[in-house]
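**Student:** upload39.cif is reproduced in full below (mmCIF, C-alpha atoms (C1' of nucleotides)).
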data_coords
loop_
_atom_site.label_atom_id
_atom_site.label_comp_id
_atom_site.auth_asym_id
_atom_site.auth_seq_id
_atom_site.Cartn_x
_atom_site.Cartn_y
_atom_site.Cartn_z
CA MET T 1 107.22 132.24 111.11
CA SER T 2 109.78 129.68 112.03
CA ALA T 3 110.79 127.08 114.55
CA LYS T 4 113.90 125.37 115.79
CA SER T 5 114.90 123.34 118.78
CA PRO T 6 115.26 125.40 121.93
CA ARG T 7 118.38 127.47 122.29
CA SER T 8 121.23 126.44 124.43
CA SER T 9 124.33 128.17 125.65
CA VAL T 10 126.32 125.83 123.44
CA LEU T 11 126.20 126.03 119.69
CA THR T 12 125.95 122.68 118.00
CA LEU T 13 127.70 123.23 114.74
CA GLU T 14 126.22 120.11 113.17
CA GLN T 15 122.76 121.54 113.62
CA TYR T 16 123.52 125.11 112.71
CA LEU T 17 121.99 125.94 109.36
CA PRO T 18 124.57 128.41 108.02
CA TYR T 19 127.27 125.92 108.83
CA ARG T 20 125.43 123.01 107.27
CA LEU T 21 124.83 124.99 104.13
CA SER T 22 128.46 125.91 103.93
CA ILE T 23 129.69 122.37 104.39
CA LEU T 24 127.32 121.02 101.80
CA SER T 25 128.12 123.72 99.31
CA ASN T 26 131.86 123.30 99.80
CA ARG T 27 131.69 119.58 99.32
CA VAL T 28 129.66 119.94 96.13
CA SER T 29 131.84 122.73 94.77
CA ARG T 30 135.02 120.86 95.53
CA THR T 31 133.87 117.82 93.59
CA ILE T 32 132.86 119.85 90.57
CA ALA T 33 135.93 122.04 90.69
CA GLN T 34 138.08 118.95 90.57
CA ALA T 35 136.25 117.61 87.54
CA TYR T 36 136.50 120.90 85.65
CA LYS T 37 140.14 121.24 86.48
CA ASP T 38 141.06 117.69 85.57
CA LYS T 39 139.15 117.56 82.33
CA PHE T 40 139.35 121.13 81.06
CA GLY T 41 141.94 122.99 83.12
CA LEU T 42 139.35 125.50 84.26
CA SER T 43 138.71 126.93 87.69
CA ILE T 44 135.13 127.26 88.90
CA THR T 45 135.33 131.00 88.35
CA GLU T 46 136.55 130.58 84.80
CA TRP T 47 133.87 128.04 84.08
CA ARG T 48 131.17 130.26 85.51
CA ILE T 49 132.20 133.11 83.27
CA MET T 50 131.98 130.80 80.28
CA ALA T 51 128.61 129.55 81.48
CA VAL T 52 127.26 133.09 81.58
CA LEU T 53 128.63 133.79 78.11
CA GLY T 54 127.07 130.58 76.82
CA GLU T 55 123.76 131.96 77.92
CA TYR T 56 124.35 135.66 77.34
CA ALA T 57 126.80 136.15 74.52
CA GLY T 58 128.22 139.66 74.55
CA ALA T 59 127.81 140.24 78.27
CA SER T 60 130.23 142.69 79.85
CA ALA T 61 132.56 141.86 82.73
CA ASP T 62 130.30 143.84 84.98
CA GLU T 63 127.24 141.89 83.94
CA VAL T 64 129.11 138.66 84.46
CA SER T 65 130.08 139.88 87.91
CA ASN T 66 126.47 140.61 88.78
CA LYS T 67 125.17 137.33 87.44
CA THR T 68 127.76 135.20 89.19
CA GLN T 69 128.10 137.34 92.32
CA ILE T 70 131.85 137.17 91.84
CA GLU T 71 133.89 140.26 92.60
CA LYS T 72 134.85 142.56 89.71
CA SER T 73 138.59 142.19 90.09
CA ILE T 74 138.38 138.43 90.19
CA ILE T 75 136.35 138.46 87.01
CA SER T 76 138.82 140.82 85.40
CA ARG T 77 141.75 138.53 86.05
CA ALA T 78 139.89 135.39 85.09
CA VAL T 79 138.82 137.07 81.84
CA GLN T 80 142.46 137.75 81.08
CA LYS T 81 143.24 134.07 81.47
CA LEU T 82 140.38 133.02 79.27
CA LEU T 83 141.51 135.53 76.65
CA SER T 84 145.06 134.21 76.72
CA ARG T 85 143.73 130.71 76.22
CA HIS T 86 141.58 131.95 73.34
CA LEU T 87 138.44 130.61 74.96
CA ILE T 88 136.76 133.99 74.85
CA HIS T 89 137.09 137.12 72.78
CA ARG T 90 136.23 140.70 73.59
CA GLU T 91 135.64 143.94 71.82
CA VAL T 92 134.93 147.45 72.90
CA ASP T 93 131.26 148.30 72.69
CA SER T 94 130.53 150.58 69.78
CA THR T 95 128.21 152.89 71.68
CA ASP T 96 129.89 152.86 75.10
CA ARG T 97 133.65 152.63 75.04
CA ARG T 98 133.92 151.84 78.74
CA ARG T 99 132.22 148.57 78.07
CA GLN T 100 133.78 145.47 76.56
CA ASN T 101 131.56 142.79 75.15
CA LEU T 102 132.65 139.24 75.85
CA VAL T 103 131.83 136.25 73.68
CA LEU T 104 132.99 132.65 73.51
CA THR T 105 135.35 131.91 70.64
CA ASP T 106 134.80 128.84 68.50
CA ILE T 107 137.21 126.97 70.74
CA GLY T 108 135.37 128.33 73.76
CA GLU T 109 132.04 127.17 72.31
CA ASP T 110 133.55 123.77 71.83
CA VAL T 111 134.75 123.49 75.40
CA TYR T 112 131.43 124.86 76.59
CA ARG T 113 129.54 122.18 74.72
CA GLN T 114 131.71 119.54 76.31
CA ILE T 115 131.29 120.85 79.84
CA VAL T 116 127.53 121.35 79.84
CA PRO T 117 126.71 117.62 79.85
CA VAL T 118 129.34 116.96 82.50
CA SER T 119 127.70 119.58 84.68
CA TYR T 120 124.27 118.14 84.16
CA ASP T 121 125.56 114.66 84.85
CA TYR T 122 126.88 115.78 88.18
CA GLU T 123 123.67 117.56 89.06
CA ASP T 124 121.70 114.46 88.12
CA ALA T 125 123.96 112.26 90.21
CA LEU T 126 123.61 114.63 93.13
CA ILE T 127 119.83 114.90 93.12
CA ASP T 128 119.50 111.23 92.45
CA CYS T 129 118.98 110.80 96.19
CA LEU T 130 115.87 112.99 96.10
CA SER T 131 112.40 112.49 94.72
CA SER T 132 111.17 114.97 92.16
CA ALA T 133 108.90 116.50 94.80
CA GLU T 134 111.89 116.97 97.06
CA VAL T 135 113.87 118.61 94.28
CA GLU T 136 111.06 121.11 93.85
CA GLN T 137 110.89 121.72 97.58
CA LEU T 138 114.61 122.29 97.67
CA ASP T 139 114.51 124.76 94.80
CA SER T 140 111.76 126.69 96.49
CA LEU T 141 113.48 126.70 99.87
CA ILE T 142 116.75 127.88 98.40
CA GLU T 143 114.94 130.62 96.56
CA LYS T 144 113.17 131.84 99.67
CA LEU T 145 116.31 131.75 101.76
CA TYR T 146 118.38 133.49 99.15
CA LYS T 147 115.97 136.38 98.84
CA HIS T 148 115.51 136.65 102.54
CA ALA T 149 119.24 136.47 103.25
CA GLY T 150 119.68 139.42 100.90
CA GLU T 151 117.10 141.42 102.81
CA ILE T 152 118.68 140.63 106.16
CA ASP T 153 122.18 141.59 105.11
CA PRO T 154 122.62 145.30 105.80
CA GLN T 155 125.23 145.76 103.10
CA ASP T 156 123.91 143.42 100.46
CA GLN T 157 122.99 145.27 97.30
CA MET W 158 114.82 108.71 91.89
CA SER W 159 114.92 112.27 90.70
CA ALA W 160 113.56 114.73 88.18
CA LYS W 161 114.46 118.04 86.65
CA SER W 162 113.41 120.03 83.65
CA PRO W 163 114.65 118.53 80.39
CA ARG W 164 118.27 119.10 79.54
CA SER W 165 119.36 121.64 77.06
CA SER W 166 122.64 122.33 75.33
CA VAL W 167 122.81 125.54 77.33
CA LEU W 168 123.38 125.60 81.04
CA THR W 169 121.26 128.07 82.93
CA LEU W 170 123.36 129.03 85.88
CA GLU W 171 120.40 130.44 87.80
CA GLN W 172 118.76 127.04 87.76
CA TYR W 173 121.81 124.94 88.38
CA LEU W 174 121.68 123.47 91.86
CA PRO W 175 125.38 123.47 92.73
CA TYR W 176 125.58 127.09 91.69
CA ARG W 177 122.47 128.07 93.63
CA LEU W 178 123.78 126.36 96.71
CA SER W 179 127.08 128.12 96.40
CA ILE W 180 125.53 131.55 95.97
CA LEU W 181 123.19 131.06 98.90
CA SER W 182 125.90 129.73 101.15
CA ASN W 183 128.28 132.54 100.23
CA ARG W 184 125.69 135.19 100.90
CA VAL W 185 124.86 133.72 104.28
CA SER W 186 128.49 133.23 105.22
CA ARG W 187 129.43 136.72 104.14
CA THR W 188 126.80 138.27 106.35
CA ILE W 189 127.83 136.27 109.37
CA ALA W 190 131.52 136.74 108.70
CA GLN W 191 131.02 140.48 108.72
CA ALA W 192 129.23 140.36 112.06
CA TYR W 193 131.89 138.18 113.68
CA LYS W 194 134.64 140.34 112.31
CA ASP W 195 133.06 143.63 113.34
CA LYS W 196 132.07 142.55 116.81
CA PHE W 197 134.80 140.11 117.78
CA GLY W 198 137.62 140.39 115.25
CA LEU W 199 137.23 136.74 114.31
CA SER W 200 137.17 135.14 110.88
CA ILE W 201 134.62 132.45 110.15
CA THR W 202 137.34 129.83 110.36
CA GLU W 203 138.50 131.10 113.73
CA TRP W 204 134.96 131.18 115.01
CA ARG W 205 134.26 127.68 113.79
CA ILE W 206 137.27 126.35 115.60
CA MET W 207 136.04 127.99 118.77
CA ALA W 208 132.57 126.60 118.16
CA VAL W 209 133.95 123.08 117.93
CA LEU W 210 135.96 123.59 121.10
CA GLY W 211 132.89 124.94 122.87
CA GLU W 212 131.23 121.65 122.12
CA TYR W 213 134.24 119.36 122.27
CA ALA W 214 136.79 120.73 124.68
CA GLY W 215 140.18 119.12 124.13
CA ALA W 216 139.67 118.30 120.46
CA SER W 217 142.81 118.09 118.36
CA ALA W 218 143.48 120.20 115.27
CA ASP W 219 142.80 117.15 113.18
CA GLU W 220 139.47 116.52 114.81
CA VAL W 221 138.55 120.16 114.30
CA SER W 222 139.51 119.81 110.66
CA ASN W 223 137.26 116.80 110.23
CA LYS W 224 134.33 118.36 112.02
CA THR W 225 134.48 121.61 110.11
CA GLN W 226 135.68 120.18 106.80
CA ILE W 227 138.30 122.89 106.76
CA GLU W 228 141.72 121.99 105.47
CA LYS W 229 144.41 121.03 108.00
CA SER W 230 146.82 123.81 107.13
CA ILE W 231 144.13 126.44 107.41
CA ILE W 232 143.20 125.13 110.83
CA SER W 233 146.83 125.10 111.85
CA ARG W 234 147.30 128.75 111.01
CA ALA W 235 144.02 129.83 112.52
CA VAL W 236 144.91 127.97 115.71
CA GLN W 237 148.13 129.95 115.89
CA LYS W 238 146.16 133.18 115.71
CA LEU W 239 143.75 132.08 118.40
CA LEU W 240 146.69 131.07 120.59
CA SER W 241 148.36 134.44 120.14
CA ARG W 242 145.12 136.14 121.15
CA HIS W 243 144.86 133.86 124.18
CA LEU W 244 141.43 132.66 123.13
CA ILE W 245 142.49 129.05 123.16
CA HIS W 246 145.17 127.05 124.89
CA ARG W 247 146.82 123.82 123.91
CA GLU W 248 148.85 121.09 125.45
CA VAL W 249 150.53 117.99 124.17
CA ASP W 250 148.48 114.89 124.82
CA SER W 251 149.93 112.79 127.61
CA THR W 252 149.46 109.46 125.87
CA ASP W 253 150.12 110.52 122.26
CA ARG W 254 152.70 113.21 121.84
CA ARG W 255 151.81 113.91 118.22
CA ARG W 256 148.48 115.19 119.36
CA GLN W 257 147.77 118.58 120.90
CA ASN W 258 144.59 119.08 122.81
CA LEU W 259 142.89 122.39 122.29
CA VAL W 260 140.64 124.10 124.80
CA LEU W 261 139.08 127.51 125.14
CA THR W 262 140.75 129.75 127.70
CA ASP W 263 138.62 131.71 130.16
CA ILE W 264 138.76 134.64 127.77
CA GLY W 265 137.85 132.30 124.93
CA GLU W 266 134.89 130.97 126.91
CA ASP W 267 133.80 134.50 127.47
CA VAL W 268 133.91 135.40 123.82
CA TYR W 269 132.24 132.12 122.98
CA ARG W 270 129.35 132.87 125.29
CA GLN W 271 128.92 136.23 123.65
CA ILE W 272 128.94 134.87 120.13
CA VAL W 273 126.55 131.98 120.59
CA PRO W 274 123.46 134.16 120.94
CA VAL W 275 124.53 136.33 118.02
CA SER W 276 124.79 133.19 115.91
CA TYR W 277 121.40 131.96 116.98
CA ASP W 278 119.91 135.38 116.32
CA TYR W 279 121.16 135.29 112.79
CA GLU W 280 119.89 131.79 112.23
CA ASP W 281 116.51 132.79 113.60
CA ALA W 282 116.40 135.83 111.35
CA LEU W 283 117.33 133.70 108.38
CA ILE W 284 114.77 130.97 108.86
CA ASP W 285 112.15 133.49 109.77
CA CYS W 286 111.00 133.27 106.14
CA LEU W 287 110.22 129.57 106.52
CA SER W 288 107.52 127.65 108.36
CA SER W 289 108.63 125.12 110.92
CA ALA W 290 107.67 122.35 108.52
CA GLU W 291 109.87 123.91 105.87
CA VAL W 292 112.78 124.16 108.27
CA GLU W 293 112.46 120.45 108.94
CA GLN W 294 112.26 119.69 105.24
CA LEU W 295 115.33 121.76 104.62
CA ASP W 296 117.29 120.03 107.35
CA SER W 297 116.37 116.67 105.95
CA LEU W 298 117.18 117.65 102.36
CA ILE W 299 120.56 119.06 103.33
CA GLU W 300 121.32 115.92 105.27
CA LYS W 301 120.46 113.66 102.34
CA LEU W 302 122.40 115.74 99.88
CA TYR W 303 125.42 115.98 102.10
CA LYS W 304 125.66 112.27 102.60
CA HIS W 305 125.04 111.55 98.97
CA ALA W 306 127.54 114.16 97.79
CA GLY W 307 130.14 112.41 99.89
CA GLU W 308 129.36 109.09 98.26
CA ILE W 309 129.55 110.57 94.78
CA ASP W 310 132.86 112.29 95.28
CA PRO W 311 135.58 109.85 94.28
CA GLN W 312 138.19 111.38 96.57
CA ASP W 313 136.03 112.31 99.52
CA GLN W 314 137.10 110.47 102.63
"C1'" DC Z 315 128.88 173.49 77.43
"C1'" DT Z 316 130.87 172.05 81.84
"C1'" DA Z 317 131.75 170.26 86.54
"C1'" DG Z 318 130.97 166.57 89.22
"C1'" DA Z 319 128.75 162.08 89.93
"C1'" DA Z 320 128.44 157.55 88.22
"C1'" DT Z 321 129.97 153.47 85.72
"C1'" DA Z 322 133.31 149.90 83.49
"C1'" DG Z 323 137.32 147.93 83.99
"C1'" DT Z 324 142.16 147.32 85.75
"C1'" DT Z 325 145.77 147.03 89.05
"C1'" DG Z 326 148.46 147.27 93.65
"C1'" DC Z 327 148.76 145.26 97.77
"C1'" DT Z 328 147.94 142.09 101.43
"C1'" DA Z 329 145.70 138.20 103.30
"C1'" DT Z 330 143.95 133.74 102.59
"C1'" DT Z 331 143.85 129.22 100.25
"C1'" DG Z 332 145.27 124.78 99.53
"C1'" DC Z 333 148.46 121.40 97.75
"C1'" DA Z 334 152.63 119.02 98.63
"C1'" DA Z 335 156.55 118.20 101.22
"C1'" DT Z 336 158.47 117.91 105.90
"C1'" DT Z 337 159.00 116.65 110.78
"C1'" DA Z 338 157.84 113.97 114.60
"C1'" DA Z 339 155.54 110.30 116.89
"C1'" DT Z 340 152.98 106.02 116.92
"C1'" DG Z 341 151.28 101.42 115.54
"C1'" DG Z 342 151.75 96.92 113.46
"C1'" DA Z 343 153.81 92.96 111.46
"C1'" DT Z 344 157.33 89.92 111.56
"C1'" DA Q 345 163.52 95.09 118.54
"C1'" DT Q 346 163.20 96.92 113.63
"C1'" DC Q 347 161.27 98.52 109.49
"C1'" DC Q 348 157.49 100.53 107.18
"C1'" DA Q 349 153.06 102.43 106.91
"C1'" DT Q 350 150.09 105.71 109.26
"C1'" DT Q 351 148.84 109.77 111.71
"C1'" DA Q 352 149.29 114.74 113.71
"C1'" DA Q 353 150.76 118.97 112.89
"C1'" DT Q 354 153.46 122.50 110.54
"C1'" DT Q 355 155.45 125.03 106.78
"C1'" DG Q 356 156.93 126.50 101.84
"C1'" DC Q 357 155.12 128.18 97.96
"C1'" DA Q 358 152.26 129.44 94.23
"C1'" DA Q 359 147.63 130.62 93.16
"C1'" DT Q 360 143.53 133.06 94.44
"C1'" DA Q 361 140.65 136.40 96.76
"C1'" DG Q 362 139.14 140.80 97.79
"C1'" DC Q 363 139.49 145.62 99.21
"C1'" DA Q 364 140.70 150.09 97.71
"C1'" DA Q 365 142.70 153.20 94.66
"C1'" DC Q 366 143.05 154.56 89.92
"C1'" DT Q 367 142.04 155.47 84.78
"C1'" DA Q 368 138.90 156.23 81.26
"C1'" DT Q 369 134.45 157.12 79.68
"C1'" DT Q 370 129.68 158.48 80.02
"C1'" DC Q 371 125.76 160.64 82.23
"C1'" DT Q 372 123.39 164.46 84.42
"C1'" DA Q 373 122.21 168.90 86.45
"C1'" DG Q 374 122.52 173.50 85.95
#
Can you turn what I pasted into structure tokens?

**Tutor:**
Amino acid sequence: MSAKSPRSSVLTLEQYLPYRLSILSNRVSRTIAQAYKDKFGLSITEWRIMAVLGEYAGASADEVSNKTQIEKSIISRAVQKLLSRHLIHREVDSTDRRRQNLVLTDIGEDVYRQIVPVSYDYEDALIDCLSSAEVEQLDSLIEKLYKHAGEIDPQDQ
Amino acid sequence: MSAKSPRSSVLTLEQYLPYRLSILSNRVSRTIAQAYKDKFGLSITEWRIMAVLGEYAGASADEVSNKTQIEKSIISRAVQKLLSRHLIHREVDSTDRRRQNLVLTDIGEDVYRQIVPVSYDYEDALIDCLSSAEVEQLDSLIEKLYKHAGEIDPQDQ
DNA sequence: CTAGAATAGTTGCTATTGCAATTAATGGAT
DNA sequence: ATCCATTAATTGCAATAGCAACTATTCTAG
């Protein structure tokens, strides 16, 4: 079930949900990206890889790709950068030699520990305009939409 | 006012709002982009420019950039493509020769009229998982967040 | 055991981004 | 009028994205 204002032959971008989502997301991402870049020299992609490894040490590139929804080749190249900066380390899996397990190095752990609070600070600042009930609503709405968007998309998954 | 689960020294990407927003927005945009590309050979950027011109005939590239929050240079190049496909037309403003007014051509109008219902169909399909009350909530939450995100961002505007 | 499908990861190639510098025109202050 | 800041639009360039092809390894069916 759903409802929206009646259709017209003109599309009002400002009221079009996919567009509004995109604008909001871009604005938020841009702000964070800038902070990560300024303070730590990391792109969003690089940071996301580290975030996954902070949670799941030993994840493979493929797992990181699935978790972050970032394309394999992009992950592969970002991993190379992180390796060259000694922020992560990898080793071939002992039981499956196709697989390479990725972990944060000590330096990587250090950077990770510095970024986590910055990330939370930004999130806090962002949701500061919402009540706790609204934050819950938002989480639930995003969840519903995300699942449903996946079902709608013919080629998704 | 706000509230979230207590902080930890680990960042759970799946629960991090900026990340969730980004994933949702990307999934939605990807689906739509594919439809526009398959059916009309247009990128999202190109379509958004046309959407703005459908609403605001005679807008300048700069105005389009502000409305869509897409970077000037990207607009400039997309405009060139639309011009070469004769979907839009432009002419130097009579009172300010820096400015070029953009309008849809007849062909552009035609394509526009075909895309609008496709866009609405997708939006309808997407929000089909929400009640009308939830759609309103979502609109309001996005609006609040968008404004607030702009205030937070040091370099925004 | 073996052939072919499936999976992990990398790389080639092209298109897209986005910052910064450039060009051209306008507006404002004196 | 003149100089300087501002604005509109474009372009150069380096970084990034993303598809598709490729290598290497493992899995699976017979």

**Student:** Could you please determine the separation between atom CA of Gly307 of chain W and atom CA of Ala282 of chain W in Å, to one decimal place?

**Tutor:**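 Separation of atom CA of Gly307 of chain W and atom CA of Ala282 of chain W: 29.5 Å.
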
**Student:** Tell me which protein, DNA and RNA residues are within 12 Å of DC327 of chain Z, counting only C-alpha atoms (C1' of nucleotides), leaving out same-chain ones fewer than 4 positions away, and put them as a list in words.

**Tutor:**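 After dropping sequence-adjacent residues, the list is DG362, DC363, DA364 and DA365 of chain Q.
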
**Student:** Starting from the displayed file, determine the output of the PyMOL selection byres ((chain W) within 9 of (chain Z)) and express the residue list as a list in words.

**Tutor:**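 Given this file, the PyMOL selection byres ((chain W) within 9 of (chain Z)) evaluates to Glu228, Ser230, Ile231, Asp253, Arg254, Arg255 and Arg256 of chain W.
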
**Student:** Take the PyMOL selection byres ((chain Q) within 9 of (chain T)), run it mentally on this structure, and tell me the resulting residues as a list of chain:residue names.

**Tutor:**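 Output of the PyMOL selection byres ((chain Q) within 9 of (chain T)): Q:DT360, Q:DA361, Q:DG362, Q:DA368, Q:DT369, Q:DT370.
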
**Student:** If you keep C-alpha atoms (C1' of nucleotides), can you produce a file of those selected residues as a PDB file, in the frame of the given file?

**Tutor:**
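selection18.pdb, freshly written:
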ATOM      1  C1'  DT Q 360     143.530 133.060  94.440  1.00  0.00           C
ATOM      2  C1'  DA Q 361     140.650 136.400  96.760  1.00  0.00           C
ATOM      3  C1'  DG Q 362     139.140 140.800  97.790  1.00  0.00           C
ATOM      4  C1'  DA Q 368     138.900 156.230  81.260  1.00  0.00           C
ATOM      5  C1'  DT Q 369     134.450 157.120  79.680  1.00  0.00           C
ATOM      6  C1'  DT Q 370     129.680 158.480  80.020  1.00  0.00           C
TER       7       DT Q 370
END

**Student:** At what distance in Å, to one decimal, does atom CA of Ile142 of chain T lie from atom CA of Tyr269 of chain W?

**Tutor:**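 About the pair atom CA of Tyr269 of chain W and atom CA of Ile142 of chain T: they are 29.4 Å apart.
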
**Student:** Name the closest residue to chain W among the candidates T:Arg90, T:Arg85, T:Arg77, T:Arg27; distances are taken between atoms, counting all atoms listed in the file.

**Tutor:**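 That would be T:Arg27, the residue with the smallest distance to chain W.
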
**Student:** Taking 3 positions as the minimum chain separation for residues in the same chain, which residues sit within 8 Å of Glu46 of chain T when counting all atoms listed in the file? Answer as a list in words.

**Tutor:**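 My reading of the contact set: Leu42, Ser43, Ile49, Met50, Ala78, Val79 and Leu82 of chain T.
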
**Student:** Could you name the residues that touch Ala57 of chain T at 12 Å or less, counting all atoms listed in the file, but leaving out those on the same chain fewer than 6 positions away, as a PyMOL selection string?

**Tutor:** (chain T and resi 49-51+63-64+88-90+100-105+108-109) or (chain W and resi 167)

**Student:** How many Å separate atom CA of Arg270 of chain W from atom CA of Cys286 of chain W?

**Tutor:**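 Taking atom CA of Arg270 of chain W as the start and atom CA of Cys286 of chain W as the end point, the length is 26.5 Å.
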
**Student:** Of the residues T:Ile75, T:Asp128, T:Ser140, T:Tyr56, which is the one nearest to chain W, using only C-alpha atoms?

**Tutor:**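 Distance minimum relative to chain W lands on T:Asp128.
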
**Student:** I'd like to know which of W:Ser241, W:Thr252, W:Ser233, W:Val292 is closest to DT355 of chain Q, using all atoms listed in the file.

**Tutor:** W:Ser233

**Student:** When you count all atoms listed in the file, which of these residues is closest to Ile180 of chain W: T:Leu141, T:Ile70, T:Ile115, T:Ile107?

**Tutor:**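 Using all atoms listed in the file, the shortest distance to Ile180 of chain W belongs to T:Ile70.
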
**Student:** Write out as a count of residues only the residues lying within 12 Å of Lys196 of chain W, counting all atoms listed in the file and excluding same-chain residues fewer than 4 positions away.

**Tutor:** 11

**Student:** Which of these residues is nearest to Glu136 of chain T, using all atoms listed in the file: W:Thr188, W:Ser165, W:Gln172, W:Asn183?

**Tutor:**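 Using all atoms listed in the file, the shortest distance to Glu136 of chain T belongs to W:Gln172.
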
**Student:** Could you check which of T:Glu91, T:Glu151, T:Asp106, T:Glu55 is closest to chain W, using only C-alpha atoms?

**Tutor:** T:Glu55
